[in-house]
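*Asks:* Can you read through this structure? Questions will come right after.
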Amino acid sequence: MSQQYLPGKWKANPWLLAIIALSLIFPWISPEYYVELAFNVGIYIILAQSLNIIIGFAGLLNLGHAAFFGVGAYTYGILWKFFQLPFILALPLSAVFAALTGLLLGLPVLRVRHDYIAIVTLGFGEVIKLILNNWTALTDGPNGLYGMAPPQFLGLILKSRIHYYYLVLVFVYLVLFIMVRLGRSRLGRAWIAIREDEVSAASLGIKIDRLKLLAFTLGAGLAGIAGCILAAKHRFISPAGFGFYESIIILCMVIVGGIGNIPGVVLGASILYIIPEIFREFSDFRMITVGVAMIFLMIFRPEGILGKEKRKTIWVQMEKREIR
Amino acid sequence: MWNKALIFSFLAVFIFAVSASAQSTIKIGFGGPLSGPQTEIGKKALSGVQLAVAEANAKGGILGKKLEVIPADDEGKSEGAVNAANSLIKKEVVGVVGHWNSACSFPASEVYAEKNIAMITYASTNPKLTERGLKNIFRTYGRDDEHGRINGEFIVNTLKKKSVAILHDKGAYGKMMAEITGQTVKKLGGEVVIFDGITSGEKDFRAILTKIKSLNPEVLFYGGYYSDFGLILKQAGELGAKWNFVSVGGTYDPELIKIAGEGAEGAFIQAISLDAVKDQPSFKRFLQAFNDKYKTDPDLWAAIAYENADILISGIKKAGSTDSKKIIDAIKSFKDYQGTLGPVTFNEKGDIMAPLLSMFQVQHGKFVPYISGLK
Amino acid sequence: MFLQQVINGVILGFIYSTLAMGMTMVFGITQVIHFSHGEVFMIGSFVGVGAAVLFTESGYFGGNILLILVVTLALAMMGAALLGLLVDRTCYRPIRRSPRINSLVSAIGSSIFIQQAAILTLGSKFRIFPFLFPKGQFNILGSMVSYAQLSIVIVSLFLMIIFSIFLKYTRMGKALQTVAENQKIAGLLGINVNKFIALTFLIVSAMAGATGVLTGSYYGSVDFFVGFMAGLKAFTSMILGGVGNVTGAVLGGLVIGVAETLIGGYISNDNKDILVFLLLIIILVFRPTGLLGERIAERT
């Protein structure tokens with residue numbers, strides 16, 4: 001089963017090697033604007049993959065993913081504001097706090113009916129954004145936090161776009177590595193079992209609740225990392241950037257690429273970030289294109305660009321045999 | 001596999017094709033919300049800039065070249081602003097008129113600062129914007145801390161009222177205005193009986209208004225924009241509230257009166273307003289030109305953005321070059337520059353000295369100047 | 001003041017209830033959360049505002065407010081119904097047999113599409129809605145209720161009652177209930193399931209359109225972003241009451257309306273959305289199927 005949507009063993013796939021090589025030298029051969037673009041794409045790849053864990057592996061439709069992104073970013077912002085904590089220390093803490101938030105969301109999700117998960121996660125996302133906005137003492141409210149120090153490694157202060165590109169590249173590869181290993185591990189198979197047929201999975205001794213929570217926690221933690229990196233680069237964050245629309249965009253990236261499909265989601269994230277940038281003059285039409293894309297994809301190609309046929313029927317089985 | 005390769009090559013071709021652009025114009029950037037809930041504002045401001053550029057081009061351009069406006073949508077969000085700023089830098093603009101939200105101007109200004117590109121904002125009022133030591137920021141609108149102080153003083157000293165209820169829309173602008181006004185009121189010996197927020201876009205404010213009514217304040221101060229304040233005025237009127245209303249520039253718009261109906265009568269709004277300058281020749285000229293081009297009257301943002309573009313263009317002229325750093329210096333050196341809305345001088349932080357602030361009152365359905373030239 | 005706040009909340013609650021009713025009906029039959037119901041409501045109010053402004057300014061009906069209100073309602077209901085049918089036909093029907101997740105995503109997409117399409121064609125400015133209710137208010141136990149508020153309650157109740165009668169006592173209504181309970185059997189009985197689903201959309205969208213007019217006129221202005229908020233409140237009410245359960249939706253709407261108002265008035269207006277959400281979660285933890293339990297169809 002895992003072979004259907006994960007890359008095969010580590011054979012020396014020439015295309016893969018070419019892409020990796022290209023990614024390593026990219027910033028030296030491209031104009032600044034594209035390096036910046038690539039940085040953002042990298043952030044969204046991490047975000048989309050982290051959502052992929054929740055939706056793709058564990059089968060839980062999360063419409064509030066941007067909240068975890070925001071918590072990660074704000075962890076760095078807040079720790080900097082009060083303690084001037086450097087990036088190196090803030091990064092793992094961002095992951096931890098975001099993961100805790102994921103755990104927090106996972107708890108009510110466990111209890112509610114399958115169809116409610118979407119709404120509950122949506123509500124949760126809005127609530128987190130509201131909390132970030134209203135808890136002024138902690139977050140400076142709608143004005144946002146700024147001035148976080150750039151990351152510093154062994155005396156090297158990250159300044160240029162090239163530095164940040166490599167920073168995000170490291171994490172993109174790390175996350176992809178985690179995803180691939182997860183997909184092929186017992187944990188990954190357990191998740192997929194839950195997604196496909198909860199009753200049978202339970203009868204096999206798989207601890208459903210625990211694993212669902214784990215998916216949320218892990219997905220949220222990774223999203224938090226992306227948030228921390230973003231905060232470090234932009235050095236300014238505000239609640240506005242972590243709301244419903246962001247969650248929808250990330251969701252679309254996963255859908256376009258193919259739910260559960262790791263290379264697909266990389267592609268989905270890239271396409272969905274780059275195309276609106278290319279067509280900047282038509283920014284009016286950005287959201288409407290997203291809406292249309294969602295409808296079209298569901299009708300004509302629900303398994304995403306790189307998905308395989310089987311996708312269409314997986315969810316049906318999941319619904320039929322759901323346990324509460 | 002082939003799909004992937006195809007898609008990638010497509011994208012590569014696309015990107016590199018799009019990046020080819022003509023070098024023969026002088027490009028001026030515009031940053032603002034061109035999508036999302038504040039699109040109208042962004043578009044109006046953009047129209048002001050476009051008019052200024054069109055006029056300059058009609059006169060033969062500057063330094064022998066024509067000018068071009070490059071709009072960049074920041075979606076009203078800080079990430080959008082960073083992207084917008086980067087796209088403008090890529091297009092090699094020599095100066096930027098923008099942005100609108102302070103949350104956008106903040107990060108965008110840092111991006112522009114990297115390349116020493118001037119950013120003249122037409123609306124960002126967060127005081128901290130010009131307190132960070134960046135040399136490339138200018139603003140023509142004024143700052144919240146001053147506006148807030150003026151509001152507070154107006155309530156206590158001029159209206160002679162002591163108990164104030166304060167509401168805001170939880171946004172960066174509205175909340176800051178509310179806070180600073182509240183602090184000023186308290187400092188002057190007044191009392192803030194309640195300080196609470198409303199959700200912008202929600203229509204029903206009766207819950208909080210009923211609560212405020214039971215606390216019986218003399219004044220209700222609101223920080224936010226006209227679409228919500230209009231409803232607040234209307235519903236407060238329906239509830240029979242007898243307070244004085246005071247609010248800020250964000251609510252200064254004829255639409256406010258349309259929404260609020262009779263509820264708006266007697267409300268005080270502090271604003272930088274076109275009404276205060278309507279007799280100035282420079283403004284009249286602008287008004288005529290705007291009407292000629294767009295067949296409608298300009299709003300405040302269009303006017304301020306126009307003025308900013310005008311300042312920028314003059315800065316380029318004075319610098320005599322498209323070196324953006326020289327342009328910054330040129331703008332800094334302006335003394336009493338004849339702007340559309342009055343004389344413009346910037347202090348070393350980039351703030352405008354003596355912005356024209358007035359207090360208006362709604363009388364018989366129209367904004368009437370109550371006090372002009374507030375400081 | 002307490003009574004006044006409760007009254008405020010009840011009025012708000014009726015608006016949520018009517019929308020929640022529609023959403024819950026659709027869910028009961030199709031198991032899809034009809035995300036774009038809020039946008040249908042929004043479009044209804046825009047059709048309404050166009051009509052109302054036209055009639056009041058041109059003097060078509062001789063300034064007869066009641067007549068204008070009725071005609072505006074009719075037009076808005078028709079426009080909204082049409083939109084609802086369209087959404088069903090294009091976004092839901094083609095993937096009826098597919099997994100529900102697909103329909104949910106499609107629903108979100110349709111909601112975004114409708115909102116953006118409206119903004120692109122009509123511009124993002126809001127519109128002023130003429131006041132179409134009798135003016136004035138009266139006193140109940142020291143609190144004020146305006147005739148406008150009373151009208152909203154009356155019209156909402158009227159719609160709800162008509163709908164219930166339809167469901168219980170007409171042939172079509174009973175067939176609808178059969179489809180709602182078991183699509184397979186309904187199909188075997190020769191009932192055209194798709195037609196009945198379309199009928200459901202028609203009815204609930206018309207109701208949403210009517211609510212749009214009432215809300216628009218009551219508050220006096222309409223804008224393109226109310227759909228999202230209204231939709232969110234409607235889902236919350238629907239879930240609170242128990243999905244598929246029409247009475248539950250009505251109860252849910254009222255509870256949310258009153259809770260929201262009381263929390264806003266007594267605790268904190270700033271944070272009221274957070275607290276209402278928390279309330280929802282708490283209720284769901286103790287009663288996962290909602291206050292009055294669920295009623296869902298057996299899918300084929």
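The way I read the labels, and the way they are meant: chains A, B, ... in the order of the structure tokens, residue 1 as the first residue of every chain, and ligand 1 as the first ligand shown, with later ones counted on from there.
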Please identify every residue of chain B that has at least one atom no more than 12 Å from any atom of chain C, counting only C-alpha atoms, and report them as an mmCIF file with N, CA and C atoms, in the first residue's frame.
*Replies:*
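So out20.cif came out as:
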data_model
loop_
_atom_site.group_PDB
_atom_site.id
_atom_site.type_symbol
_atom_site.label_atom_id
_atom_site.label_comp_id
_atom_site.auth_asym_id
_atom_site.auth_seq_id
_atom_site.Cartn_x
_atom_site.Cartn_y
_atom_site.Cartn_z
ATOM 1 N N LEU B 34 -5.215 45.779 -2.446
ATOM 2 C CA LEU B 34 -5.973 45.750 -3.690
ATOM 3 C C LEU B 34 -6.827 44.498 -3.767
ATOM 4 N N SER B 35 -6.900 43.772 -2.661
ATOM 5 C CA SER B 35 -7.831 42.655 -2.589
ATOM 6 C C SER B 35 -8.229 42.536 -1.127
ATOM 7 N N GLY B 36 -9.329 41.844 -0.884
ATOM 8 C CA GLY B 36 -9.754 41.728 0.499
ATOM 9 C C GLY B 36 -10.704 42.850 0.887
ATOM 10 N N PRO B 37 -11.041 42.936 2.170
ATOM 11 C CA PRO B 37 -12.085 43.869 2.608
ATOM 12 C C PRO B 37 -11.768 45.338 2.382
ATOM 13 N N GLN B 38 -10.498 45.684 2.214
ATOM 14 C CA GLN B 38 -10.193 47.108 2.057
ATOM 15 C C GLN B 38 -9.856 47.489 0.639
ATOM 16 N N THR B 39 -10.277 46.666 -0.292
ATOM 17 C CA THR B 39 -9.943 46.921 -1.688
ATOM 18 C C THR B 39 -10.331 48.314 -2.141
ATOM 19 N N GLU B 40 -11.501 48.762 -1.733
ATOM 20 C CA GLU B 40 -11.970 50.070 -2.207
ATOM 21 C C GLU B 40 -10.969 51.158 -1.878
ATOM 22 N N ILE B 41 -10.456 51.089 -0.663
ATOM 23 C CA ILE B 41 -9.511 52.114 -0.225
ATOM 24 C C ILE B 41 -8.240 52.056 -1.065
ATOM 25 N N GLY B 42 -7.735 50.855 -1.244
ATOM 26 C CA GLY B 42 -6.513 50.714 -2.027
ATOM 27 C C GLY B 42 -6.692 51.253 -3.431
ATOM 28 N N LYS B 43 -7.847 50.931 -4.012
ATOM 29 C CA LYS B 43 -8.063 51.371 -5.386
ATOM 30 C C LYS B 43 -8.138 52.882 -5.487
ATOM 31 N N LEU B 167 -15.000 52.194 22.795
ATOM 32 C CA LEU B 167 -15.107 50.968 22.012
ATOM 33 C C LEU B 167 -14.095 51.000 20.882
ATOM 34 N N HIS B 168 -13.657 49.822 20.462
ATOM 35 C CA HIS B 168 -12.759 49.773 19.306
ATOM 36 C C HIS B 168 -13.061 48.520 18.525
ATOM 37 N N ASP B 169 -12.448 48.427 17.316
ATOM 38 C CA ASP B 169 -12.789 47.297 16.464
ATOM 39 C C ASP B 169 -11.728 46.204 16.489
ATOM 40 N N LYS B 170 -10.910 46.210 17.505
ATOM 41 C CA LYS B 170 -9.858 45.210 17.676
ATOM 42 C C LYS B 170 -8.789 45.261 16.585
ATOM 43 N N GLY B 171 -8.864 46.250 15.741
ATOM 44 C CA GLY B 171 -7.841 46.365 14.715
ATOM 45 C C GLY B 171 -6.695 47.222 15.215
ATOM 46 N N LYS B 175 -7.814 50.155 17.793
ATOM 47 C CA LYS B 175 -7.496 49.871 19.179
ATOM 48 C C LYS B 175 -6.476 50.858 19.720
ATOM 49 N N ILE B 194 -15.865 52.063 30.559
ATOM 50 C CA ILE B 194 -15.746 50.737 29.969
ATOM 51 C C ILE B 194 -14.852 50.809 28.745
ATOM 52 N N PHE B 195 -14.069 49.749 28.554
ATOM 53 C CA PHE B 195 -13.172 49.692 27.411
ATOM 54 C C PHE B 195 -13.350 48.312 26.800
ATOM 55 N N ASP B 196 -13.983 48.254 25.654
ATOM 56 C CA ASP B 196 -14.279 46.934 25.088
ATOM 57 C C ASP B 196 -14.169 46.967 23.573
ATOM 58 N N GLY B 197 -14.147 45.791 22.981
ATOM 59 C CA GLY B 197 -13.974 45.717 21.534
ATOM 60 C C GLY B 197 -15.179 45.105 20.858
ATOM 61 N N ILE B 198 -15.363 45.464 19.603
ATOM 62 C CA ILE B 198 -16.411 44.834 18.814
ATOM 63 C C ILE B 198 -15.747 44.110 17.657
ATOM 64 N N THR B 199 -16.466 43.190 17.059
ATOM 65 C CA THR B 199 -15.918 42.489 15.912
ATOM 66 C C THR B 199 -16.369 43.196 14.652
ATOM 67 N N SER B 200 -15.403 43.636 13.877
ATOM 68 C CA SER B 200 -15.755 44.350 12.666
ATOM 69 C C SER B 200 -16.507 43.443 11.718
ATOM 70 N N GLY B 201 -17.566 43.941 11.127
ATOM 71 C CA GLY B 201 -18.308 43.124 10.180
ATOM 72 C C GLY B 201 -19.512 42.475 10.829
ATOM 73 N N GLU B 202 -19.490 42.383 12.132
ATOM 74 C CA GLU B 202 -20.664 41.862 12.808
ATOM 75 C C GLU B 202 -21.684 42.981 12.814
ATOM 76 N N LYS B 203 -22.940 42.678 12.630
ATOM 77 C CA LYS B 203 -23.873 43.772 12.453
ATOM 78 C C LYS B 203 -24.515 44.245 13.728
ATOM 79 N N ASP B 204 -24.578 43.343 14.694
ATOM 80 C CA ASP B 204 -25.437 43.648 15.829
ATOM 81 C C ASP B 204 -24.615 44.040 17.046
ATOM 82 N N PHE B 205 -24.725 45.283 17.422
ATOM 83 C CA PHE B 205 -23.955 45.758 18.571
ATOM 84 C C PHE B 205 -24.837 46.052 19.768
ATOM 85 N N ARG B 206 -26.079 45.601 19.669
ATOM 86 C CA ARG B 206 -27.000 45.940 20.743
ATOM 87 C C ARG B 206 -26.561 45.433 22.105
ATOM 88 N N ALA B 207 -25.903 44.269 22.099
ATOM 89 C CA ALA B 207 -25.514 43.715 23.402
ATOM 90 C C ALA B 207 -24.622 44.692 24.145
ATOM 91 N N ILE B 208 -23.561 45.118 23.488
ATOM 92 C CA ILE B 208 -22.624 45.985 24.191
ATOM 93 C C ILE B 208 -23.206 47.382 24.376
ATOM 94 N N LEU B 209 -24.008 47.832 23.444
ATOM 95 C CA LEU B 209 -24.586 49.166 23.580
ATOM 96 C C LEU B 209 -25.578 49.208 24.738
ATOM 97 N N THR B 210 -26.348 48.138 24.872
ATOM 98 C CA THR B 210 -27.285 48.097 26.002
ATOM 99 C C THR B 210 -26.508 48.138 27.310
ATOM 100 N N LYS B 211 -25.400 47.403 27.324
ATOM 101 C CA LYS B 211 -24.599 47.413 28.547
ATOM 102 C C LYS B 211 -24.071 48.807 28.830
ATOM 103 N N ILE B 212 -23.580 49.468 27.796
ATOM 104 C CA ILE B 212 -23.027 50.805 28.004
ATOM 105 C C ILE B 212 -24.122 51.745 28.476
ATOM 106 N N LYS B 213 -25.298 51.576 27.919
ATOM 107 C CA LYS B 213 -26.401 52.454 28.317
ATOM 108 C C LYS B 213 -26.637 52.357 29.818
ATOM 109 N N SER B 214 -26.497 51.146 30.332
ATOM 110 C CA SER B 214 -26.747 50.983 31.761
ATOM 111 C C SER B 214 -25.655 51.622 32.600
ATOM 112 N N LEU B 215 -24.502 51.919 31.988
ATOM 113 C CA LEU B 215 -23.429 52.542 32.749
ATOM 114 C C LEU B 215 -23.484 54.058 32.676
ATOM 115 N N TYR B 226 -15.693 53.477 9.343
ATOM 116 C CA TYR B 226 -17.067 53.979 9.250
ATOM 117 C C TYR B 226 -18.133 52.892 9.138
ATOM 118 N N SER B 227 -17.769 51.753 8.515
ATOM 119 C CA SER B 227 -18.839 50.776 8.294
ATOM 120 C C SER B 227 -19.387 50.266 9.618
ATOM 121 N N ASP B 228 -18.525 50.080 10.597
ATOM 122 C CA ASP B 228 -19.006 49.617 11.894
ATOM 123 C C ASP B 228 -19.571 50.763 12.717
ATOM 124 N N GLY B 230 -20.965 53.428 11.761
ATOM 125 C CA GLY B 230 -22.282 53.830 11.274
ATOM 126 C C GLY B 230 -23.371 53.007 11.933
ATOM 127 N N LEU B 231 -23.137 51.703 11.996
ATOM 128 C CA LEU B 231 -24.128 50.823 12.616
ATOM 129 C C LEU B 231 -24.238 51.109 14.103
ATOM 130 N N ILE B 232 -23.114 51.381 14.731
ATOM 131 C CA ILE B 232 -23.138 51.688 16.165
ATOM 132 C C ILE B 232 -23.973 52.931 16.418
ATOM 133 N N LEU B 233 -23.742 53.967 15.628
ATOM 134 C CA LEU B 233 -24.516 55.194 15.809
ATOM 135 C C LEU B 233 -25.995 54.917 15.616
ATOM 136 N N LYS B 234 -26.289 54.146 14.581
ATOM 137 C CA LYS B 234 -27.694 53.879 14.275
ATOM 138 C C LYS B 234 -28.362 53.139 15.422
ATOM 139 N N GLN B 235 -27.699 52.077 15.873
ATOM 140 C CA GLN B 235 -28.317 51.252 16.907
ATOM 141 C C GLN B 235 -28.358 51.977 18.247
ATOM 142 N N GLU B 238 -31.327 54.043 18.131
ATOM 143 C CA GLU B 238 -32.546 53.268 18.307
ATOM 144 C C GLU B 238 -32.745 52.884 19.767
ATOM 145 N N LEU B 239 -31.649 52.731 20.477
ATOM 146 C CA LEU B 239 -31.762 52.361 21.887
ATOM 147 C C LEU B 239 -32.012 53.588 22.754
ATOM 148 N N GLY B 240 -32.048 54.745 22.119
ATOM 149 C CA GLY B 240 -32.349 55.947 22.890
ATOM 150 C C GLY B 240 -31.174 56.497 23.659
ATOM 151 N N GLU B 255 -20.308 57.963 3.763
ATOM 152 C CA GLU B 255 -21.066 56.723 3.938
ATOM 153 C C GLU B 255 -21.478 56.545 5.384
ATOM 154 N N LEU B 256 -20.683 57.102 6.281
ATOM 155 C CA LEU B 256 -21.018 56.976 7.699
ATOM 156 C C LEU B 256 -22.409 57.513 7.951
ATOM 157 N N ILE B 257 -22.657 58.689 7.390
ATOM 158 C CA ILE B 257 -23.936 59.341 7.630
ATOM 159 C C ILE B 257 -25.061 58.580 6.953
ATOM 160 N N LYS B 258 -24.742 57.996 5.799
ATOM 161 C CA LYS B 258 -25.775 57.212 5.122
ATOM 162 C C LYS B 258 -26.191 56.017 5.953
ATOM 163 N N ILE B 259 -25.206 55.352 6.530
ATOM 164 C CA ILE B 259 -25.548 54.159 7.305
ATOM 165 C C ILE B 259 -26.268 54.548 8.583
ATOM 166 N N ALA B 260 -25.754 55.567 9.227
ATOM 167 C CA ALA B 260 -26.264 55.876 10.565
ATOM 168 C C ALA B 260 -27.565 56.633 10.537
ATOM 169 N N GLY B 261 -27.816 57.305 9.466
ATOM 170 C CA GLY B 261 -29.059 58.070 9.400
ATOM 171 C C GLY B 261 -29.083 59.149 10.470
#
*Asks:* Using only C-alpha atoms, I'd like a table of the residues in chain C that come within 6 Å of chain A; for each, show the closest atom pair and its distance in Å rounded to one decimal, ordered by chain and ascending number, as JSON lines.
*Replies:*
{"residue": "C:Pro99", "atom": "CA", "partner": "A:Val316", "partner_atom": "CA", "distance": 5.1}
{"residue": "C:Asn102", "atom": "CA", "partner": "A:Met298", "partner_atom": "CA", "distance": 5.5}
{"residue": "C:Ser106", "atom": "CA", "partner": "A:Ile295", "partner_atom": "CA", "distance": 4.5}
{"residue": "C:Gly109", "atom": "CA", "partner": "A:Gly291", "partner_atom": "CA", "distance": 4.0}
{"residue": "C:Ile112", "atom": "CA", "partner": "A:Gly291", "partner_atom": "CA", "distance": 5.1}
{"residue": "C:Phe113", "atom": "CA", "partner": "A:Gly291", "partner_atom": "CA", "distance": 4.7}
{"residue": "C:Gln116", "atom": "CA", "partner": "A:Ile288", "partner_atom": "CA", "distance": 5.3}
{"residue": "C:Ile274", "atom": "CA", "partner": "A:Val127", "partner_atom": "CA", "distance": 5.5}
{"residue": "C:Pro288", "atom": "CA", "partner": "A:Val112", "partner_atom": "CA", "distance": 5.6}
*Asks:* Taking the DSSP assignment computed from this structure's backbone, write out as a PyMOL selection string all residues of range 36-274 of chain A that belong to alpha helix (DSSP H).
*Replies:* chain A and resi 36-52+66-83+87-111+116-134+136-139+161-184+186-196+198-203+208-234+244-257+262-274
*Asks:* Which polymer residues have any atom within 12 Å of an atom of Gly64 in chain B, counting only C-alpha atoms, with same-chain residues fewer than 3 positions away left out, as a PDB file with C-alpha atoms, in the first residue's frame?
*Replies:*
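Generated file (part29.pdb):
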ATOM      1  CA  SER B  24      13.073  52.886 -20.271  1.00  0.00           C
ATOM      2  CA  THR B  25      10.615  54.271 -17.755  1.00  0.00           C
ATOM      3  CA  ILE B  26      11.029  55.551 -14.240  1.00  0.00           C
ATOM      4  CA  ALA B  56       3.743  64.421 -14.871  1.00  0.00           C
ATOM      5  CA  ASN B  57       3.895  62.418 -18.066  1.00  0.00           C
ATOM      6  CA  LYS B  59       4.252  67.530 -18.976  1.00  0.00           C
ATOM      7  CA  GLY B  60       6.942  65.453 -20.624  1.00  0.00           C
ATOM      8  CA  GLY B  61       7.952  63.169 -17.803  1.00  0.00           C
ATOM      9  CA  LEU B  67       6.937  57.613 -15.368  1.00  0.00           C
ATOM     10  CA  ILE B 316      13.176  62.729  -8.156  1.00  0.00           C
ATOM     11  CA  LYS B 317      13.334  66.015  -9.972  1.00  0.00           C
ATOM     12  CA  GLY B 320      18.197  64.971 -10.575  1.00  0.00           C
ATOM     13  CA  SER B 321      18.683  61.239 -10.708  1.00  0.00           C
ATOM     14  CA  THR B 322      17.010  57.896 -10.179  1.00  0.00           C
TER      15      THR B 322
END
*Asks:* What does the distance from CA of Leu24 in chain A to CA of Tyr173 in chain A come to in Å, to one decimal?
*Replies:*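 Separating CA of Leu24 in chain A from CA of Tyr173 in chain A is a distance of 11.2 Å.
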*Asks:* Pick out the chain A residues within 6 Å of chain B. Count only C-alpha atoms. Give them as an NGL selection string.
*Replies:* :A and (33 or 142-143 or 240-241 or 284)
*Asks:* Could those residues be written to a file, using N, CA and C atoms, as a PDB file, in the first residue's frame?
*Replies:*
ATOM      1  N   TYR A  33      14.941  38.087  -6.391  1.00  0.00           N
ATOM      2  CA  TYR A  33      13.490  37.950  -6.263  1.00  0.00           C
ATOM      3  C   TYR A  33      13.092  36.485  -6.243  1.00  0.00           C
ATOM      4  N   PRO A 142      -3.364  43.521  17.885  1.00  0.00           N
ATOM      5  CA  PRO A 142      -3.406  43.640  16.430  1.00  0.00           C
ATOM      6  C   PRO A 142      -2.190  44.346  15.847  1.00  0.00           C
ATOM      7  N   ASN A 143      -1.453  45.065  16.680  1.00  0.00           N
ATOM      8  CA  ASN A 143      -0.277  45.736  16.135  1.00  0.00           C
ATOM      9  C   ASN A 143       0.807  44.762  15.728  1.00  0.00           C
ATOM     10  N   ALA A 240      -3.226  38.882  11.551  1.00  0.00           N
ATOM     11  CA  ALA A 240      -3.940  38.838  10.280  1.00  0.00           C
ATOM     12  C   ALA A 240      -3.416  37.771   9.339  1.00  0.00           C
ATOM     13  N   GLY A 241      -2.156  37.418   9.481  1.00  0.00           N
ATOM     14  CA  GLY A 241      -1.606  36.478   8.515  1.00  0.00           C
ATOM     15  C   GLY A 241      -1.892  35.014   8.828  1.00  0.00           C
ATOM     16  N   ASP A 284      -6.749  40.511  -8.056  1.00  0.00           N
ATOM     17  CA  ASP A 284      -8.193  40.513  -7.843  1.00  0.00           C
ATOM     18  C   ASP A 284      -8.761  39.121  -7.920  1.00  0.00           C
TER      19      ASP A 284
END
